[in-house]
Each structure stands twice: as structure tokens, then as C-alpha cells.
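Just below is one structure, and these are the notes that go with it.
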There are 2 protein chains.
Amino acid sequence: MAEGIKIFDSSLRDGAQAKGISFSVKDKIKVVEALDRLGINYVEAGNPGSNSKDMEFFKCMQEKKLMNVQLTAFGSTRRKGISVEEDVNVKSLLLAQTPVVAIFGKSWDFHVTGVIKTTLEENLKMIKDTISFFKMHNKEVVFDAEHFFDGYKANPEYATITLKAAIDGGIDCLALCDTNGGTFPDEIFSITQKIVSDFDVEVGIHCHNDCGMAVANSIMAVKAGATHVQGTFLGFGERCGNANLSTLIPNLQIKRKYRCIDDDSLSKLKETAQYISEVTNMKLESSLPYVGENAFAHKGGMHIDGVTKASHSFEHIEPEKVGNSRKFLMSEVSGKNTIIKKIQNIEPTLTKDSKETEELVDKLKLLEHEGYQFEGAETSFEMIIRKHLKKFKPFFKLIYYRVIEEEPVIDKNCSARAMIKISVDGKEEMTATEGNGPVNALDKAIRKALEVFYPNLKEMYLSDYKVRVLDANSATAAKVRVLIESTDGKHWWTTVGVSGNIIEASMIALVDSIEYKLNKDMEEMNKNNG
Amino acid sequence: MAEGIKIFDSSLRDGAQAKGISFSVKDKIKVVEALDRLGINYVEAGNPGSNSKDMEFFKCMQEKKLMNVQLTAFGSTRRKGISVEEDVNVKSLLLAQTPVVAIFGKSWDFHVTGVIKTTLEENLKMIKDTISFFKMHNKEVVFDAEHFFDGYKANPEYATITLKAAIDGGIDCLALCDTNGGTFPDEIFSITQKIVSDFDVEVGIHCHNDCGMAVANSIMAVKAGATHVQGTFLGFGERCGNANLSTLIPNLQIKRKYRCIDDDSLSKLKETAQYISEVTNMKLESSLPYVGENAFAHKGGMHIDGVTKASHSFEHIEPEKVGNSRKFLMSEVSGKNTIIKKIQNIEPTLTKDSKETEELVDKLKLLEHEGYQFEGAETSFEMIIRKHLKKFKPFFKLIYYRVIEEEPVIDKNCSARAMIKISVDGKEEMTATEGNGPVNALDKAIRKALEVFYPNLKEMYLSDYKVRVLDANSATAAKVRVLIESTDGKHWWTTVGVSGNIIEASMIALVDSIEYKLNKDMEEMNKNNG
């Protein structure tokens, strides 16, 4: 069997240090669950001592069952001059009730005397005391040796003694940190190799990307014997970010034959990256290795010719291995294989060569060109197929709407008003509602009007609403893509709308969502009656 | 004197293979001139044989004087079965009249027999013939050994013979290419070391980023003896891009003490990166090493404390060396140290312990709790400080607005209408506009009304608009945070607004942005008059 590497994801802790990232408790739970499904070993999810929101998250997690992830709380060694038991932050780590804790401490002598301003001796005690405290409480403990490489270059003897203190405390894994991200791959290799040979304990690596080499540095540490790799799933992190795990995992597993996650799970890599970027609301860079939209996109004619003759002529791996796919940017040879499966769900008699398939591929391309994206909003694509194949009965007609928005407002909670007129089987219904903002007012209005005819819509509500500006440079006239997630308590579905006008984009997604619910209920009813 | 490394920029050739990039002749000239000012040695600027626009560019360049750059045209070896003189592409390379040509040829046996489908022997002749042809025409010639590393791993003997053919042709530099980007740093090191020791000719390196290690791979090649480094200035390129020169240059020059450009020019690195990203119309990633907006941005309280005590505690270099600067991001985790600096910019007499500082810290916390986030929107925070310290003259009063939004629309490009009433020094102005969506309509309306009093607002426009839904789970009634970036052509500033209503949030950010512009212009006028 392949040698295993333990993957330690810190998207929710070190990743949250990136500019523009702030996770809600719900976001955090979603990320943990996605990483758990992928088969990640450790998720470092917050610092309960410094952040009350993190503590709330850890409380929520106590009721959840995870299949693969060992949840990890992060904190510092005890402060100088007090006992471990007196340290409030240390105690809050226990309250988080995680199986694993990661404790960071100083390995660079200058940081001990110049930043936290204590003695070199006291720092060693802080490390040892804190670790043995958690070992006494039966925790698995990872020691993050902060600034280890800078410290080692300045004073190798002291840096090494700090690791010794952690071992004396009973540590499970020594994670060597390149905190400032300034170390080079050859240095990482030789220093890590020395530590691996000096100590009989698991060694890990934690790299930052300030020299653009965090991934390579982690690879060189593994070559030197490290078997625990820390990073953030998409490379987000303070300054230039952390080692990117969505790159490191396939680098290690496909290219170097280590086992990081199940081989089957590798094909979920791209969808996991997309999902996490959605939850984080950070754009997934299209040029990202392995998981980026363009990671296997070919533009040059000669490259396209080469790849057509033999895929490995211009591709370092088969894109399907990581759930990605090949793209030819200038040609029209895309997508049919994916689409035909969705079409056959609705109409099993159609094939790749049917006229309707051709037409739907064209329609999809046109919509993508306009800014639509159906990954994660497949319900909308299903509605397009249904309508195109005439497998859809229209449930209502939207005749007219008007939203009014004004300042000063009469009622602070209802800043917008909407009027709407719909018709169902020739019967018209007009109504009006107030809401907090124009989209909320319209959402309430359309459902109020439709519930007269379709009482089952009362079960349905919107569970998520996301907005992405597509072409930021046209500023307030830019196109937006709206994603709406809906549920009726039994099912969840997501629809999408694109327009230069956020209200119109929202209405497109909203109407799709309502039509889907009505269609689904009708089909279920027919099935039960037939 | 430090050993020199020749930098070879291919932003205009390999960079143009990236999705979304297309250069006009004017764009190309701008990029060459910027790289020339920085002191880059070679700029590979196009393939005159395959692209008529490139030929036009090379004609334009014949009249330009460059200080540092050796302009380079790129093309293939002659085609199989014809003489060099018969090959149209080869001849077009001469017409470009550049001092340097870069010729690519096949080093991987499989590509020779399986892709271009000729014999291994003929391929060697194609390489040698083409290079000796250009040497006869007194060109400096670089040989791009395509797929060299993959070729070497498959058949080291043949890959080496292709280099020998180039040397027999009289080559000046052998550039070893990792065309598919799949090679690892340790492999790059050992293979390059072998080539450097086998041949007495300059060796170069050309890496792609498909494993996220293009920069590290180039560094390892230099360690092995390569003295010519190819890449693209911002890392743009086909698929996952090329080795990023704006990272490699400081890595080599600051960290490894090689000379790539003048030491003085290093401080122009960030501005050059910004300029090239503007010409290219691609966003400069804020997390990019050295030159990104956030490369030296600190968020965690402990990191801010450390950097304040000694900059090297959390920074691998001084940001000024590359023309960048330190930033302290404002967040729940940051605290008084960050805020006091901003307060003192406006009122230098205040200290950490002043009552006003305390009040502003409380205000900041309250606003953050409501969903505000001032990282990247520091202009809004500056306006809060000014207003709190009464260092702000209100320029106008927003009396009333109403936005109307309806479907079916009368005019597809103007789906919303806004009315607005403002007053300036007791004089009222009311107006109305149409726009694409409610925010666009309001943006146009408020500026139309204000330009009556403040014609300098005509210089100002919105350059970016972002929306983030804060609590997605309350769906359409959720709070949104809007970020607006504005510019008057000389300065850029970003403001933020938060509300349950996207229109109100946008108006808050918009009003802040306009007030900032008016205040800035007034201060400048006072300074010039005083």
C-alpha cells in the first residue's frame, strides 16, 4: 500500500486571515462537511480563545458526526509567568471539545526575547507545560513551531531545543512552520531532513506563499520525510496565502504516489474547490492548477492538434482524474458528453446525435456566453431542457410587476413595495406587498399571488441567496449572476438568473425555482395516482 | 559583482496564450516599453509567421530605440522535408528584424514520431539547419527545447542529442522547457545540473505552472547552473500560466543575490506589475507575492503587534524594496494600534488614550457587528473619523429619492428610473434619470443633480462594484455589503455600505465616495491657495 500523508486543512483558521474573508458559523459547518466528504484528515477550524463566534461553532459541531475529519482547535502556548491552569485561552481550547488541538509556540529566539519579551528558558517551559496539559486531557496534540525555519537559520540550536520541549511534553506531531514564507525549497529540504533524522516523532510542514513557492516547499519537506502537510484548500491566507491543498493533494497522490485521500475521492477535487469558493464568496482563480476552469484549456492551434492526437502531448495528467475537463478555447468541440446525461434524465430516447441535443448544446453555449453558469444551478438547466423539449406545462404567466423604492422610508423594515399581476388558466390575480429591499418585496408578492392557486407553495421558502458581479469594471451597470437556493423541507434546489439588473436576475431565478417546485409536485402526484 | 541572470519575458507571446488575453499593437508597444524601463534583458514579443498583427508590431518597433531590452521574435524550426530557405515562417522571422530569435523544436521523441510525424533523424536536421540559418544572418539565437524534461525522462539520450544538434547549429542559449508543467523541483534540479555539466553553452529555463511550482522550478534550475530565466511578468499563460517573473526577479535578486535588473529598479517592480495588468486588462491578484496589494497586509492582532515591534518578525523582506507598502487590515482581530494611525493622519494630536479614540474604536466594533468591513474600504472609515471629529463639512443633503422598476419594460437598456432631490447651501435641485437597474439609475441621478453645484464630479466615475450577501440564509431579506471603487483618473478609493436593502447599501457607499472626492478636492484647493 502507498505511504500515507496526513492532510491538515486550515482554511477556516489561517485561511480566515486573508483579506476579504469572514466566515459565519453556518459557512464553517458547510466547509467542514465538504472536507469531511472529501476525506481530509484534520480540519483546524478556529481559535476559540480569541473569537466568540469560533466557540459558538465548536459548540454546534459537538452534535455532528464526521466520517473522516478530526476537528482541531487552535491556540497559543500558555502566556509567560502564569500556570497553564490559569490561562483563559488554554482553558477555552478544552471547552471546544475537539479530539485534536494545535498549539503554536515560538521557535525563533528573536521572537521570544524581542516580541513576546520573555526568557528563552521560560519559552521552553511554556511549550512543554501547555502540551503536557493537553496530553493529560487525552488530546492529540500538534505543535506548530512558529517561524521554525527563520529561527533555525538564526539559531539552529535553540530552534531545535523548542522541538525537544514539545517532545518532552508528549507531542504527537511537530509541524515546522515557514511563517513569513521567505524560505526556499532547498533550505526547507535540508532543514526538514535534519529534523526528521534527529527526532523519532511525526514531522509536519506548514508553508506560506510569500515567495510563490509554498506548494514546492511542502513537496520538498515531504521528500525529506515529513508525513503531515498543512495548508488551506484554495491557498487563501494572510498576505500571499498558504500552501494550496487542492494543488498539493494531486501533486502528492498522482505524481508521487502517496495516499492523501481515497483514489475515488480525487475526482471530487474540482467540485469541492468550487463549493468552498462559493461558500467563501471568493472567486476560484481560473488558472489554478488541477481545479481551475482553465487548468486544461488549450488555445494554441498546435496544442489543440497535439492534444487531439494524444492527450499527454500537452497535458501533464488526465483532467478527469481530478474531476476537471479539457477545454478547447477556440473550437466548438465542447460539452456534449456532460449534457447528454442530463437530457436523458428527462427524455431517455434522445442520443448525442439527436437534433434536440445539438440545439440544447447551442443554447447552453449562448447562455454561458451571456454569463450563465449551471454548475451548482442545475435546476435551471433542467428547466431549460424541459421547456425546449416541451416537457413542461406553464403554471402561470407573469403579466406585470412594479417595484417602488424610496427614501425617506415610512417604515424602516419595509423600504420597498411591489405590485404584481399574474394569471393562471386565464384567471388573473393582482396583489401588493412590502419588503426589506426590492427583491424581498417581489419575492413575497409573487408567492402571495400564486398561493391563491397553488397552496403547496406555502411549504417552499428560499434558503440561500447569492449575488456575483460578473464584469466589475462596468461598475453599477455590470451584469450580475444571482443564485437562489430553495427548499420545501424535503428537497433543496438551486436556480440561477443573469441580467444587468439585479432585480430582473433575481426574478429569473425565482420564477425558475417556483416552476420547478410546481412541476415536481405535479409529477409526484401523477406518480401516486398512476 | 553579483553573478548575472538574464531575464527573458514572454508576456506578449506565451502570455497571450492565456484565456481572455488579446493584445493590440499599441498594447504590445506599451508593455515592451515598460519592461525596457525596468531593465529586462529580452522581450519575446510575438510569432510573426503565425500572426499578421505580430508582424505589424515588429515593423512599428523598428523605429523605436530600446535601452535594455533585446527584442525577440519567436518561431518554429523549419518544417519537415523542405529546406530552411523554402520555409515561409522561417523567412518571416527574418522580416521581423529583431536582434534575437527564439526557435522552438522537439526534444521528446514521442512528439517527433507521434505528433509532427517525422523521423528522429530529420528532427535533428530541422533543429540544426534552422539555427545555423539564423546564425548566418547574424542573429542571437535561443533554442527552446520543447518538452525537454518530459523528453529527458522518456528518452534521455535522444533529448540530449537534440541539444547537441542546436549546439552544432551554433546556438547561443539552450532553454530547457517544462512545456506541460508537470515536472517537480528535484527533477528540474538534477536534469538541469546534468545538462550544465555536459555542455559548455548558456543554459536557460522555461517553466509552466500546472503543478503550482513554476517559480520554485526556475529557482532550482538556477541553483543547478541555469543563467537565463524565461517567464511572463505576471504569470499569465496557457492553462495555469508560466513562471511569474515579478516573483522570480526579487526571489533571485533579494534572496539569492543574483543581478537580474538594477537594484534601483527593484523599487519599480510593483508599479510595473500594476501598469502591465492594466494594459493587459487582467486583474492583478491581490495575493501575488511581492507586488500584490495584500502581499504585506496584516490582519491578525498578534501579527500587527509583532510587525510594529520589528518589521522582520512577520515580513520576509521590507516591502519598500519592491515598491510595495505595509498594510494593517481593520477587523475584529486587529485593535487600537491600527486605528490610531488612521486617526492621527486626520488629527495628529490624538493618542491611543484619547476619549475620541475610544469612541471611534467602539463605533468601529458596532459597525463591524452590523456587517461592515473596512479592509479595502478604508475611505469609508476615514469619512467616519472625519465626521466624528467634526473635520468634515457636509457638501449636500439628500432629501428624497424614489426608484421605479417595472416589467414589461419600455426600453430594454433602461429598466429602472430614479428621481432624486438634493440641496446644497439651501438651494434645491431635483432631477430624474434612467438606468440599467435601480443602482445604476440612482448613481446617475445623484451625480446629475450634484454636478450642477460641483462640476469636478464629472471627472469621477465608478471603476468597480461588488456585492456580498452577508447572511445568505435569510435569503432575499439578507443583509448585503456593497463595495464601490471610484476614481478620478488620478486616485482610486473604495467605500462600503451595509443594509438589508441593496439599493440603500449602494447609496451609502456612493454618498461616501462622492463626499470623499469633494472633500479631497477642497483640501487640495486650500493647500494650493494657502
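Chain lettering (A, B, ...) mirrors the order of the C-alpha cells, residue numbering begins at 1 for each chain separately, and ligand numbering begins at 1 in order of display.
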Checklist entry - Within 8 Å of segment 318-331 of chain B, counting only C-alpha atoms, which residues qualify if same-chain residues fewer than 3 places away don't, as a count of residues only? => result 29
Checklist entry - Which neighbours of Gly212 of chain B fall inside 8 Å, counting only C-alpha atoms, when residues of the same chain fewer than 5 positions from it are skipped, and could you give them as a PyMOL selection string? => result (chain A and resi 215-216+247+288-289) or (chain B and resi 240)
Go ahead and save the residues from that selection, with C-alpha atoms, as an mmCIF file, in the first residue's frame.
```cif
data_model
loop_
_atom_site.group_PDB
_atom_site.id
_atom_site.type_symbol
_atom_site.label_atom_id
_atom_site.label_comp_id
_atom_site.auth_asym_id
_atom_site.auth_seq_id
_atom_site.Cartn_x
_atom_site.Cartn_y
_atom_site.Cartn_z
ATOM 1 C CA VAL A 215 3.488 24.196 -2.754
ATOM 2 C CA ALA A 216 7.029 23.315 -3.846
ATOM 3 C CA THR A 247 -2.730 21.546 -5.715
ATOM 4 C CA LEU A 288 -5.486 27.356 -10.510
ATOM 5 C CA PRO A 289 -3.603 24.071 -11.040
ATOM 6 C CA CYS B 240 -2.230 27.507 -15.366
#
```
Counting only C-alpha atoms, what is within 8 Å of segment 437-450 of chain B, bar same-chain residues fewer than 3 positions away, as a compact mmCIF listing (two decimals) with N, CA, C and O atoms, in the first residue's frame?
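Output contents, as saved in result.txt:
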```txt
# COMPACT_ATOMS: atom_id res chain seq x y z
N THR A 476 -21.71 50.01 -11.60
CA THR A 476 -23.11 49.74 -11.26
C THR A 476 -23.95 49.26 -12.43
O THR A 476 -25.06 48.79 -12.23
N ALA A 477 -23.45 49.36 -13.66
CA ALA A 477 -24.21 48.83 -14.79
C ALA A 477 -23.75 47.41 -15.14
O ALA A 477 -24.16 46.86 -16.15
N GLY A 500 -28.26 42.53 -16.41
CA GLY A 500 -27.60 43.77 -15.99
C GLY A 500 -28.33 44.38 -14.80
O GLY A 500 -27.81 45.23 -14.11
N ASN A 501 -29.52 43.89 -14.52
CA ASN A 501 -30.37 44.44 -13.48
C ASN A 501 -30.58 43.37 -12.41
O ASN A 501 -31.12 42.30 -12.68
N ILE A 502 -30.19 43.68 -11.21
CA ILE A 502 -30.21 42.65 -10.15
C ILE A 502 -31.62 42.16 -9.87
O ILE A 502 -31.84 41.00 -9.53
N ILE A 503 -32.60 43.04 -10.05
CA ILE A 503 -33.98 42.64 -9.76
C ILE A 503 -34.47 41.66 -10.82
O ILE A 503 -35.09 40.64 -10.52
N VAL B 403 -37.06 55.13 -6.62
CA VAL B 403 -36.68 54.33 -7.78
C VAL B 403 -37.87 53.49 -8.21
O VAL B 403 -38.54 52.90 -7.36
N ILE B 404 -38.09 53.43 -9.49
CA ILE B 404 -39.18 52.61 -10.01
C ILE B 404 -38.61 51.65 -11.04
O ILE B 404 -37.81 52.00 -11.88
N GLU B 405 -39.12 50.48 -10.96
CA GLU B 405 -38.57 49.31 -11.59
C GLU B 405 -39.75 48.56 -12.13
O GLU B 405 -40.68 48.30 -11.36
N CYS B 414 -32.97 50.40 -20.28
CA CYS B 414 -33.26 51.27 -19.15
C CYS B 414 -34.42 50.69 -18.39
O CYS B 414 -35.57 51.09 -18.58
N SER B 415 -34.13 49.70 -17.55
CA SER B 415 -35.21 49.01 -16.89
C SER B 415 -35.63 49.70 -15.61
O SER B 415 -36.60 49.29 -14.99
N ALA B 416 -34.89 50.75 -15.20
CA ALA B 416 -35.26 51.42 -13.95
C ALA B 416 -35.19 52.93 -14.14
O ALA B 416 -34.44 53.44 -14.96
N ARG B 417 -35.98 53.61 -13.34
CA ARG B 417 -36.00 55.07 -13.37
C ARG B 417 -35.83 55.60 -11.95
O ARG B 417 -36.38 55.00 -11.02
N ALA B 418 -35.08 56.67 -11.80
CA ALA B 418 -34.89 57.24 -10.47
C ALA B 418 -35.18 58.73 -10.49
O ALA B 418 -34.86 59.42 -11.45
N MET B 419 -35.82 59.18 -9.40
CA MET B 419 -35.98 60.61 -9.16
C MET B 419 -35.18 60.94 -7.91
O MET B 419 -35.13 60.13 -6.98
N ILE B 420 -34.61 62.13 -7.88
CA ILE B 420 -33.83 62.47 -6.70
C ILE B 420 -33.95 63.95 -6.42
O ILE B 420 -34.15 64.76 -7.35
N LYS B 421 -33.84 64.32 -5.14
CA LYS B 421 -33.85 65.73 -4.76
C LYS B 421 -32.76 65.92 -3.73
O LYS B 421 -32.69 65.18 -2.73
N ILE B 422 -31.85 66.87 -4.01
CA ILE B 422 -30.77 67.17 -3.05
C ILE B 422 -30.80 68.67 -2.78
O ILE B 422 -31.44 69.44 -3.51
N GLU B 429 -32.14 70.95 -5.78
CA GLU B 429 -32.06 70.52 -7.18
C GLU B 429 -32.77 69.17 -7.28
O GLU B 429 -32.47 68.24 -6.53
N MET B 430 -33.71 69.09 -8.18
CA MET B 430 -34.39 67.82 -8.38
C MET B 430 -34.18 67.37 -9.82
O MET B 430 -34.15 68.19 -10.74
N THR B 431 -33.97 66.07 -10.01
CA THR B 431 -33.77 65.57 -11.37
C THR B 431 -34.21 64.12 -11.46
O THR B 431 -34.57 63.50 -10.45
N ALA B 432 -34.16 63.57 -12.66
CA ALA B 432 -34.53 62.17 -12.86
C ALA B 432 -33.65 61.57 -13.95
O ALA B 432 -33.17 62.30 -14.83
N THR B 433 -33.40 60.26 -13.85
CA THR B 433 -32.61 59.58 -14.88
C THR B 433 -33.15 58.17 -15.07
O THR B 433 -33.88 57.65 -14.23
N GLU B 434 -32.71 57.57 -16.17
CA GLU B 434 -32.99 56.15 -16.42
C GLU B 434 -31.69 55.39 -16.28
O GLU B 434 -30.62 55.95 -16.51
N PHE B 453 -23.79 71.80 -8.99
CA PHE B 453 -23.04 72.60 -8.00
C PHE B 453 -21.54 72.30 -8.03
O PHE B 453 -20.72 73.15 -7.73
N TYR B 454 -21.21 71.05 -8.32
CA TYR B 454 -19.81 70.62 -8.25
C TYR B 454 -19.39 70.01 -9.59
O TYR B 454 -19.44 68.78 -9.78
N PRO B 455 -18.96 70.85 -10.53
CA PRO B 455 -18.60 70.31 -11.86
C PRO B 455 -17.42 69.33 -11.81
O PRO B 455 -17.28 68.48 -12.69
N LEU B 457 -17.16 66.79 -10.17
CA LEU B 457 -17.64 65.40 -10.09
C LEU B 457 -17.67 64.75 -11.47
O LEU B 457 -17.74 63.52 -11.56
N ILE B 503 -30.18 48.57 -2.48
CA ILE B 503 -30.17 49.94 -3.01
C ILE B 503 -29.68 50.91 -1.94
O ILE B 503 -28.86 51.78 -2.21
N SER B 506 -25.96 50.47 -1.48
CA SER B 506 -25.22 51.09 -2.57
C SER B 506 -25.19 52.61 -2.40
O SER B 506 -24.17 53.26 -2.65
N MET B 507 -26.33 53.18 -1.97
CA MET B 507 -26.38 54.63 -1.79
C MET B 507 -25.42 55.08 -0.69
O MET B 507 -24.77 56.12 -0.82
N LEU B 510 -22.04 55.07 -2.16
CA LEU B 510 -21.96 56.07 -3.21
C LEU B 510 -21.82 57.48 -2.62
O LEU B 510 -20.98 58.28 -3.06
```
Next on the checklist: Just want the 9 Å neighbourhood of segment 20-31 of chain B, counted on only C-alpha atoms, with same-chain residues fewer than 6 positions away dropped. Output as a list in words.
Outcome noted: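 With the cut-off at 9 Å, the set is Ser11, Leu12, Ala45, Lys53, Asp54, Glu56, Phe57, Cys60, Met61, Phe236, Gly237, Tyr275, Ile276, Val279, Thr280, Asn281 and Met282 of chain B.
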List the neighbours of Lys91 of chain A out to 12 Å using only C-alpha atoms; skip same-chain residues closer than 2 positions along the sequence, and give me the result as a compact mmCIF listing (two decimals) with C-alpha atoms, in the first residue's frame.
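around_38.txt, freshly written:
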```txt
# COMPACT_ATOMS: atom_id res chain seq x y z
CA ASN A 47 -9.32 29.80 17.73
CA PRO A 48 -11.95 29.51 20.47
CA GLY A 49 -9.92 31.66 22.86
CA SER A 50 -9.76 34.73 20.66
CA MET A 55 -16.60 29.00 20.26
CA ALA A 73 -8.97 23.79 17.74
CA PHE A 74 -6.05 26.19 17.50
CA GLY A 75 -4.44 28.27 20.21
CA SER A 76 -1.24 29.51 21.75
CA THR A 77 1.01 28.08 24.44
CA ARG A 78 0.21 29.48 27.90
CA SER A 83 0.45 28.40 35.13
CA VAL A 84 -1.36 26.57 32.35
CA GLU A 85 -4.42 26.21 34.57
CA GLU A 86 -4.65 29.97 35.00
CA ASP A 87 -4.61 30.67 31.26
CA VAL A 88 -8.07 31.53 29.97
CA ASN A 89 -7.20 30.87 26.33
CA LEU A 93 -9.41 25.19 23.97
CA LEU A 94 -10.65 22.44 26.27
CA LEU A 95 -14.19 23.81 26.12
CA ALA A 96 -14.14 23.42 22.34
CA GLN A 97 -14.13 19.63 22.99
CA VAL A 101 -5.61 20.69 19.46
CA THR A 130 0.95 23.51 27.58
CA PHE A 133 -1.58 19.73 29.94
CA PHE A 134 -3.45 18.72 26.79
CA HIS A 137 -6.62 15.65 28.93
```
Next on the checklist: I'd like the neighbourhood of Ser423 of chain B as a PyMOL selection string, where a residue qualifies if any of its atoms comes within 8 Å (using only C-alpha atoms), though same-chain residues fewer than 2 positions away should be ignored.
Outcome noted: chain B and resi 396-399+421+425-429
Checklist entry - Looking only at the backbone, which of the residues in segment 5-96 of chain A does DSSP tag as helix (DSSP H, G or I), as a PyMOL selection string? => result chain A and resi 15-17+25-38+52-61+84-86+88-95
Deliver the residues from the most recent selection as a file, using N, CA and C atoms, as a JSON list (two decimals), in the first residue's frame.
```json
[["chain", "number", "residue", "atom", "x", "y", "z"],
["A", 15, "GLY", "N", -6.78, 30.45, 6.88],
["A", 15, "GLY", "CA", -7.45, 30.99, 5.68],
["A", 15, "GLY", "C", -8.29, 32.21, 6.00],
["A", 16, "ALA", "N", -8.87, 32.22, 7.21],
["A", 16, "ALA", "CA", -9.73, 33.35, 7.60],
["A", 16, "ALA", "C", -8.92, 34.62, 7.84],
["A", 17, "GLN", "N", -7.58, 34.50, 7.83],
["A", 17, "GLN", "CA", -6.72, 35.67, 7.96],
["A", 17, "GLN", "C", -6.59, 36.42, 6.64],
["A", 25, "VAL", "N", -20.91, 31.07, 11.23],
["A", 25, "VAL", "CA", -20.88, 29.73, 11.81],
["A", 25, "VAL", "C", -21.40, 28.71, 10.79],
["A", 26, "LYS", "N", -22.47, 29.09, 10.07],
["A", 26, "LYS", "CA", -23.03, 28.18, 9.07],
["A", 26, "LYS", "C", -22.05, 27.89, 7.94],
["A", 27, "ASP", "N", -21.34, 28.94, 7.48],
["A", 27, "ASP", "CA", -20.32, 28.75, 6.45],
["A", 27, "ASP", "C", -19.29, 27.73, 6.92],
["A", 28, "LYS", "N", -18.86, 27.88, 8.17],
["A", 28, "LYS", "CA", -17.83, 26.99, 8.69],
["A", 28, "LYS", "C", -18.31, 25.54, 8.70],
["A", 29, "ILE", "N", -19.55, 25.35, 9.10],
["A", 29, "ILE", "CA", -20.07, 23.98, 9.14],
["A", 29, "ILE", "C", -20.09, 23.39, 7.72],
["A", 30, "LYS", "N", -20.51, 24.21, 6.75],
["A", 30, "LYS", "CA", -20.53, 23.73, 5.37],
["A", 30, "LYS", "C", -19.15, 23.32, 4.88],
["A", 31, "VAL", "N", -18.13, 24.11, 5.22],
["A", 31, "VAL", "CA", -16.77, 23.80, 4.77],
["A", 31, "VAL", "C", -16.27, 22.52, 5.43],
["A", 32, "VAL", "N", -16.50, 22.37, 6.74],
["A", 32, "VAL", "CA", -16.07, 21.15, 7.43],
["A", 32, "VAL", "C", -16.71, 19.93, 6.78],
["A", 33, "GLU", "N", -18.01, 20.03, 6.50],
["A", 33, "GLU", "CA", -18.71, 18.88, 5.94],
["A", 33, "GLU", "C", -18.19, 18.53, 4.54],
["A", 34, "ALA", "N", -17.87, 19.57, 3.75],
["A", 34, "ALA", "CA", -17.33, 19.30, 2.40],
["A", 34, "ALA", "C", -15.96, 18.62, 2.50],
["A", 35, "LEU", "N", -15.12, 19.07, 3.42],
["A", 35, "LEU", "CA", -13.79, 18.48, 3.57],
["A", 35, "LEU", "C", -13.90, 17.06, 4.12],
["A", 36, "ASP", "N", -14.90, 16.85, 4.96],
["A", 36, "ASP", "CA", -15.14, 15.52, 5.51],
["A", 36, "ASP", "C", -15.54, 14.55, 4.39],
["A", 37, "ARG", "N", -16.44, 14.99, 3.52],
["A", 37, "ARG", "CA", -16.85, 14.14, 2.39],
["A", 37, "ARG", "C", -15.66, 13.79, 1.49],
["A", 38, "LEU", "N", -14.72, 14.74, 1.35],
["A", 38, "LEU", "CA", -13.56, 14.50, 0.50],
["A", 38, "LEU", "C", -12.56, 13.53, 1.16],
["A", 52, "SER", "N", -15.38, 34.69, 19.90],
["A", 52, "SER", "CA", -16.58, 34.07, 20.48],
["A", 52, "SER", "C", -17.38, 33.33, 19.42],
["A", 53, "LYS", "N", -17.29, 33.82, 18.15],
["A", 53, "LYS", "CA", -18.00, 33.15, 17.07],
["A", 53, "LYS", "C", -17.44, 31.74, 16.88],
["A", 54, "ASP", "N", -16.10, 31.61, 17.03],
["A", 54, "ASP", "CA", -15.47, 30.30, 16.89],
["A", 54, "ASP", "C", -15.97, 29.35, 17.97],
["A", 55, "MET", "N", -16.13, 29.87, 19.19],
["A", 55, "MET", "CA", -16.60, 29.00, 20.26],
["A", 55, "MET", "C", -18.01, 28.50, 19.97],
["A", 56, "GLU", "N", -18.86, 29.39, 19.46],
["A", 56, "GLU", "CA", -20.22, 29.01, 19.08],
["A", 56, "GLU", "C", -20.18, 27.88, 18.04],
["A", 57, "PHE", "N", -19.25, 28.02, 17.07],
["A", 57, "PHE", "CA", -19.11, 26.99, 16.03],
["A", 57, "PHE", "C", -18.74, 25.64, 16.65],
["A", 58, "PHE", "N", -17.75, 25.65, 17.56],
["A", 58, "PHE", "CA", -17.32, 24.37, 18.14],
["A", 58, "PHE", "C", -18.47, 23.73, 18.93],
["A", 59, "LYS", "N", -19.30, 24.55, 19.58],
["A", 59, "LYS", "CA", -20.46, 24.00, 20.31],
["A", 59, "LYS", "C", -21.39, 23.29, 19.31],
["A", 60, "CYS", "N", -21.68, 23.97, 18.18],
["A", 60, "CYS", "CA", -22.56, 23.35, 17.16],
["A", 60, "CYS", "C", -21.99, 22.01, 16.70],
["A", 61, "MET", "N", -20.66, 21.96, 16.54],
["A", 61, "MET", "CA", -20.05, 20.77, 15.97],
["A", 61, "MET", "C", -20.12, 19.57, 16.91],
["A", 84, "VAL", "N", -0.44, 26.93, 33.43],
["A", 84, "VAL", "CA", -1.36, 26.57, 32.35],
["A", 84, "VAL", "C", -2.80, 26.69, 32.82],
["A", 85, "GLU", "N", -3.05, 26.24, 34.06],
["A", 85, "GLU", "CA", -4.42, 26.21, 34.57],
["A", 85, "GLU", "C", -5.03, 27.60, 34.69],
["A", 86, "GLU", "N", -4.15, 28.60, 34.85],
["A", 86, "GLU", "CA", -4.65, 29.97, 35.00],
["A", 86, "GLU", "C", -4.96, 30.62, 33.65],
["A", 88, "VAL", "N", -6.70, 31.60, 30.47],
["A", 88, "VAL", "CA", -8.07, 31.53, 29.97],
["A", 88, "VAL", "C", -8.14, 30.96, 28.54],
["A", 89, "ASN", "N", -7.18, 31.36, 27.71],
["A", 89, "ASN", "CA", -7.20, 30.87, 26.33],
["A", 89, "ASN", "C", -6.99, 29.36, 26.26],
["A", 90, "VAL", "N", -6.07, 28.88, 27.10],
["A", 90, "VAL", "CA", -5.83, 27.44, 27.13],
["A", 90, "VAL", "C", -7.10, 26.71, 27.56],
["A", 91, "LYS", "N", -7.77, 27.27, 28.57],
["A", 91, "LYS", "CA", -8.98, 26.60, 29.03],
["A", 91, "LYS", "C", -10.08, 26.59, 27.97],
["A", 92, "SER", "N", -10.15, 27.68, 27.22],
["A", 92, "SER", "CA", -11.19, 27.74, 26.18],
["A", 92, "SER", "C", -10.96, 26.67, 25.11],
["A", 93, "LEU", "N", -9.69, 26.27, 24.92],
["A", 93, "LEU", "CA", -9.41, 25.19, 23.97],
["A", 93, "LEU", "C", -10.01, 23.88, 24.43],
["A", 94, "LEU", "N", -10.03, 23.67, 25.75],
["A", 94, "LEU", "CA", -10.65, 22.44, 26.27],
["A", 94, "LEU", "C", -12.15, 22.48, 26.05],
["A", 95, "LEU", "N", -12.74, 23.67, 26.26],
["A", 95, "LEU", "CA", -14.19, 23.81, 26.12],
["A", 95, "LEU", "C", -14.66, 23.50, 24.70]]
```
Item to check | atom CA of Asn68 of chain B to atom CA of Gly39 of chain B, distance in Å rounded to a single decimal | outcome: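 Value for the atom CA of Asn68 of chain B-atom CA of Gly39 of chain B distance: 5.4 Å.
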Next on the checklist: List as an MDAnalysis selection string the protein and nucleic acid residues near Lys257 of chain A, meaning an atom at most 9 Å away when only C-alpha atoms are counted, but skip any in the same chain fewer than 3 places from it.
Outcome noted: chainID A and resid 2:3 251:254
Next on the checklist: From a backbone DSSP assignment, name each residue in segment 296-509 of chain B labelled strand (DSSP E or B), as a PyMOL selection string.
Outcome noted: chain B and resi 297-298+327-328+397-407+411+414+416-424+427-435+461-469+480-487+492-499
Next on the checklist: Report, in Å to a single decimal, how far apart atom CA of Gly231 of chain B and atom CA of Asp9 of chain B are.
Outcome noted: 5.4 Å
Next on the checklist: I need the residue nearest chain A from this list: B:Glu524, B:Glu407, B:Asp200, B:Asp109. Use only C-alpha atoms for the distance.
Outcome noted: B:Glu407
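When only C-alpha atoms are used to measure the gap to His303 of chain A, the shortest distance among B:Lys393, B:His111, B:His369, B:His206 belongs to B:His111.
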Checklist entry - How many Å separate atom CA of Ile340 of chain B from atom CA of Ser287 of chain B? => result 25.7 Å
